[in-house]
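Colleague: Here it is, the structure in full.
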Amino acid sequence: MLLLMSLSVRSLARGFLVRPIRQCLSVAHMSEPAHRPEEIEELKRIFKAENRSLNRKVYEKLGFHPPYIDNSEKFEFYFELEPKERPIEEDPLYQEKPAFVFTDVRRLQEGLNQTLWLTKSILMEDKMPKNVLDTVADMDIPDMEQRVTDAIRESRQFDTREKVIRRHRYIYTQTLSLLRLSNMLGADHILNRMTTENPLVVASWDRDGDHIQVKGEPGGLLISSHDPLPPPAGRDLVEATRGSELPTFDPLHPTIDLKTSHIYLPHENSSGFAPPHRFPHAHTRIIFNKLNWRQEPSVSQAVMYTFADGFARAKELNGPDFSSDLETPIVVQGIETDGVRFSFITVQINTLDMDPEGGTKNMVWVDQEDNLLYNDMYPQDIKVLNRKGNKRNRFLIRLFIKKRDPEVGCQDLNIGVFQKFLAFVGNH
């Protein structure tokens with residue numbers, strides 16, 4: 001009984017004592033003045049200043065500008081932000097007359113005939129210039145067949161651990177291996193050449209009242225040389241082109257497949273090499289058929305870019321306003337390949353007067369038939385799709401891989417194609 005009375009007295013005393021204390025604390029807390037927003041920002045600034053890093057203190061002590069953007073200032077003070085959308089007419093490069101632009105994703109419907117009209121060129125009867133064709137049979141390196149076979153097997157079988165090596169990879173590695181084999185031709189071939197990957201080229205001209213531009217970085221390589229290539233056609237053959245007619249394909253317009261753009265630099269020409277460059281002359285452009293196009297549009301694309309290399313170089317040598325026949329023609333070679341099939345192209349630019357139909361024409365040699373380097377028995381980079389939906393049928397892909405034995409490798413090696421490759425790369 002006494003115990004219960006003592007507990008009740010203690011609880012009552014605790015309640016009487018704690019309640020006034022809590023009330024006092026709440027009153028004291030309410031009596032403190034609240035900080036205004038500007039005072040809170042000032043306290044934050046002081047806190048950041050006191051916790052500055054050593055690098056920042058050193059920069060401020062020496063009076064240097066800190067190598068960072070101060071968060072206290074707005075971002076617009078450093079960069080003028082432009083609106084995301086604005087009328088196309090306000091662009092500084094806007095032109096009222098549209099330009100027809102050819103890029104590496106454009107396929108010409110009429111193929112090589114459309115290319116000949118756009119470049120004001122005629123297709124020569126010979127597949128290859130005589131000075132190059134005479135050297136094909138003489139091209140030889142030690143153990144040529146075995147070295148070429150090893151280069152193919154390295155790029156198609158031993159490059160990665162994947163069962164199917166992708167097209168863009170084995171084309172690139174195989175071409176580099178073949179170029180390394182071509183270095184065995186001699187020291188002059190190595191010292192007077194340079195290889196550039198995915199070079200930019202821009203060429204512009206007027207054709208039948210339309211402004212045409214070829215620009216972009218087509219996938220491939222560009223071999224440039226110290227000296228230009230000699231023209232394979234003499235002055236008599238050049239003068240004979242005046243009576244030649246260009247192909248026509250009515251009712252289609254030749255620029256139907258080109259992109260229309262109002263934003264461009266008129267008469268822009270750039271070979272990608274700024275003076276003084278040791279190897280300013282385009283020698284051979286190698287274009288990879290990574291998208292598995294048919295041969296006709298892929299060869300047409302290679303002719304367009306090979307012509308653009310020579311045209312841009314001619315403008316750089318003769319001036320941007322020069323538009324007449326060239327005293328010394330410009331010659332550029334091209335090789336189009338998908339790793340197995342090769343096409344060899346030679347372009348000789350005789351004139352920069354591209355607008356009229358008559359007059360001197362340019363020349364193009366194309367060798368695109370029976371140029372299989374080997375019989376491809378490797379697993380193919382393909383996609384097999386079901387008839388229902390777009391799901392990949394992996395079972396069929398496995399069967400296809402097992403059917404093509406990687407150990408079989410390349411069959412029926414055509415060493416003559418590699419000799420043509422050597423003749424083009426070794427031409428000087």
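Ordering of the structure tokens sets the chain letters (A, B, ...), residue numbers begin anew at 1 in every chain, and ligands are numbered from 1 in the order given.
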Which neighbours of A:Trp205 fall inside 12 Å, counting only C-alpha atoms, when residues of the same chain fewer than 6 positions from it are skipped, and could you give them as a PyMOL selection string?

Modeller: chain A and resi 99-101+118-120+211-215+265-269+307-308+311-312+315+320-323+351-356

Colleague: Using DSSP on the backbone coordinates, identify all residues within stretch 79-190 of chain A classified as strand (DSSP E); present the result as a list in words.

Modeller: Tyr94, Gln95, Glu96, Lys97, Pro98, Ala99, Phe100, Val101, Phe102, Ser121, Ile122 and Leu123 of chain A

Colleague: Which is closer to A:Asp91 than all the others in A:Asn318, A:Gln411, A:His262, A:Glu357, using only C-alpha atoms?

Modeller: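 Smallest distance to A:Asp91 is found for A:His262.
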
Colleague: As a CSV table (one decimal) with N, CA and C atoms, in the first residue's frame, please: the residues near A:Glu197 (cut-off 8 Å, only C-alpha atoms, same-chain neighbours under 4 positions excluded).

Modeller:
```csv
chain,number,residue,atom,x,y,z
A,220,GLY,N,36.1,3.7,-95.6
A,220,GLY,CA,37.2,3.1,-96.4
A,220,GLY,C,38.5,3.8,-96.1
A,221,LEU,N,39.4,3.7,-97.0
A,221,LEU,CA,40.7,4.3,-96.9
A,221,LEU,C,41.1,5.1,-98.1
A,222,LEU,N,42.0,6.1,-97.9
A,222,LEU,CA,42.5,6.9,-99.0
A,222,LEU,C,44.0,6.8,-99.0
```

Colleague: Pick from A:Arg278, A:Arg153, A:His189, A:Lys97: nearest to A:Phe424, with only C-alpha atoms counted?

Modeller: A:His189

Colleague: Leaving out A:Gly358 and any residue of its chain fewer than 4 positions from it, which residues lie within 12 Å of it when counting only C-alpha atoms, given as a list in words?

Modeller: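 Skipping anything fewer than 4 positions along the chain leaves Lys120, Ser121, Arg207, Asp208, Glu239, Ala240, Thr241, Arg242, Gly243, Ser244, Glu245, Leu246, Thr351, Asp353, Met354 and Asn362 of chain A.
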
Colleague: Between A:Pro98, A:Pro199, A:Gly111, A:Gly426, which is the closest to A:His283 once you count only C-alpha atoms?

Modeller: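 Comparing A:Pro98, A:Pro199, A:Gly111, A:Gly426 against A:His283, the winner is A:Gly426.
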
Colleague: Give the answer as one residue: which of A:Leu258, A:Ile165, A:Ala282, A:Ile287 has the shortest atom-to-atom distance to A:Met194, using only C-alpha atoms?

Modeller: A:Ala282

Colleague: Which of these, A:Lys259, A:Ala151, A:Val332, A:Pro247, has the shortest distance to A:Ile122 once you count only C-alpha atoms?

Modeller: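 Ranking A:Lys259, A:Ala151, A:Val332, A:Pro247 by distance to A:Ile122, first place goes to A:Pro247.
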
Colleague: Using only C-alpha atoms, pick whichever of A:Glu110, A:Asp325, A:Glu89, A:Glu316 has the shortest atom-to-atom distance to A:Pro251.

Modeller: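 Comparing A:Glu110, A:Asp325, A:Glu89, A:Glu316 against A:Pro251, the winner is A:Glu110.
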
Colleague: If we count only C-alpha atoms, what is near stretch 169-179 of chain A at a cut-off of 10 Å, once residues fewer than 6 positions away on the same chain are taken out, given as a PyMOL selection string?

Modeller: chain A and resi 147-148+150-157+159-160+195+219-221+286-290+337-340+418+421-422+425

Colleague: What's the separation between atom CA of A:Arg294 and atom CA of A:Ile349, in Å to one decimal place?

Modeller: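 Separation between atom CA of A:Arg294 and atom CA of A:Ile349: 26.5 Å.
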
Colleague: How many Å lie between atom CA of A:Gln114 and atom CA of A:Asn371, rounded to one decimal?

Modeller: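 Those two atoms sit 23.1 Å apart.
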
Colleague: Please report, as a ChimeraX atom specification, each residue of stretch 301-394 of chain A to which DSSP assigns helix (DSSP H, G or I) when run on this structure's backbone.

Modeller: /A:301-318,394

Colleague: What is the distance between atom CA of A:Met144 and atom CA of A:Leu181, in Å to one decimal?

Modeller: 8.6 Å

Colleague: Can you list, as a list in words, every protein, DNA or RNA residue that comes within 12 Å of A:Gln109 when you count only C-alpha atoms, leaving out same-chain residues fewer than 3 positions away?

Modeller: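 Residues meeting the cut-off are Arg106, Leu112, Asn113, Gln114, Thr115, Phe249, Leu252, His253, Pro254, Thr255, Ile256, Asp257, Leu258, Arg294, Glu296, Pro297, Ser298, Ser300 and Gln301 of chain A.
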
Colleague: Output C-alpha atoms for every residue in that selection, as a PDB file, in the first residue's frame.

Modeller:
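So the final result, stored in selection.pdb, reads:
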```
ATOM      1  CA  ARG A 106      22.462   7.657-101.500  1.00  0.00           C
ATOM      2  CA  LEU A 112      26.707   3.856-113.580  1.00  0.00           C
ATOM      3  CA  ASN A 113      24.863   5.687-116.405  1.00  0.00           C
ATOM      4  CA  GLN A 114      23.488   8.193-113.916  1.00  0.00           C
ATOM      5  CA  THR A 115      26.965   8.660-112.478  1.00  0.00           C
ATOM      6  CA  PHE A 249      17.351   8.041-119.103  1.00  0.00           C
ATOM      7  CA  LEU A 252      13.785  10.352-114.838  1.00  0.00           C
ATOM      8  CA  HIS A 253      15.797  13.401-113.897  1.00  0.00           C
ATOM      9  CA  PRO A 254      19.464  12.680-113.103  1.00  0.00           C
ATOM     10  CA  THR A 255      19.208  14.340-109.686  1.00  0.00           C
ATOM     11  CA  ILE A 256      16.158  12.362-108.553  1.00  0.00           C
ATOM     12  CA  ASP A 257      18.136  10.330-105.986  1.00  0.00           C
ATOM     13  CA  LEU A 258      20.128  13.218-104.505  1.00  0.00           C
ATOM     14  CA  ARG A 294      24.353  -4.711-104.953  1.00  0.00           C
ATOM     15  CA  GLU A 296      25.904  -1.584-109.431  1.00  0.00           C
ATOM     16  CA  PRO A 297      24.998   1.066-106.806  1.00  0.00           C
ATOM     17  CA  SER A 298      28.149   0.362-104.822  1.00  0.00           C
ATOM     18  CA  SER A 300      28.436   4.065-108.728  1.00  0.00           C
ATOM     19  CA  GLN A 301      29.121   5.406-105.258  1.00  0.00           C
TER      20      GLN A 301
END
```
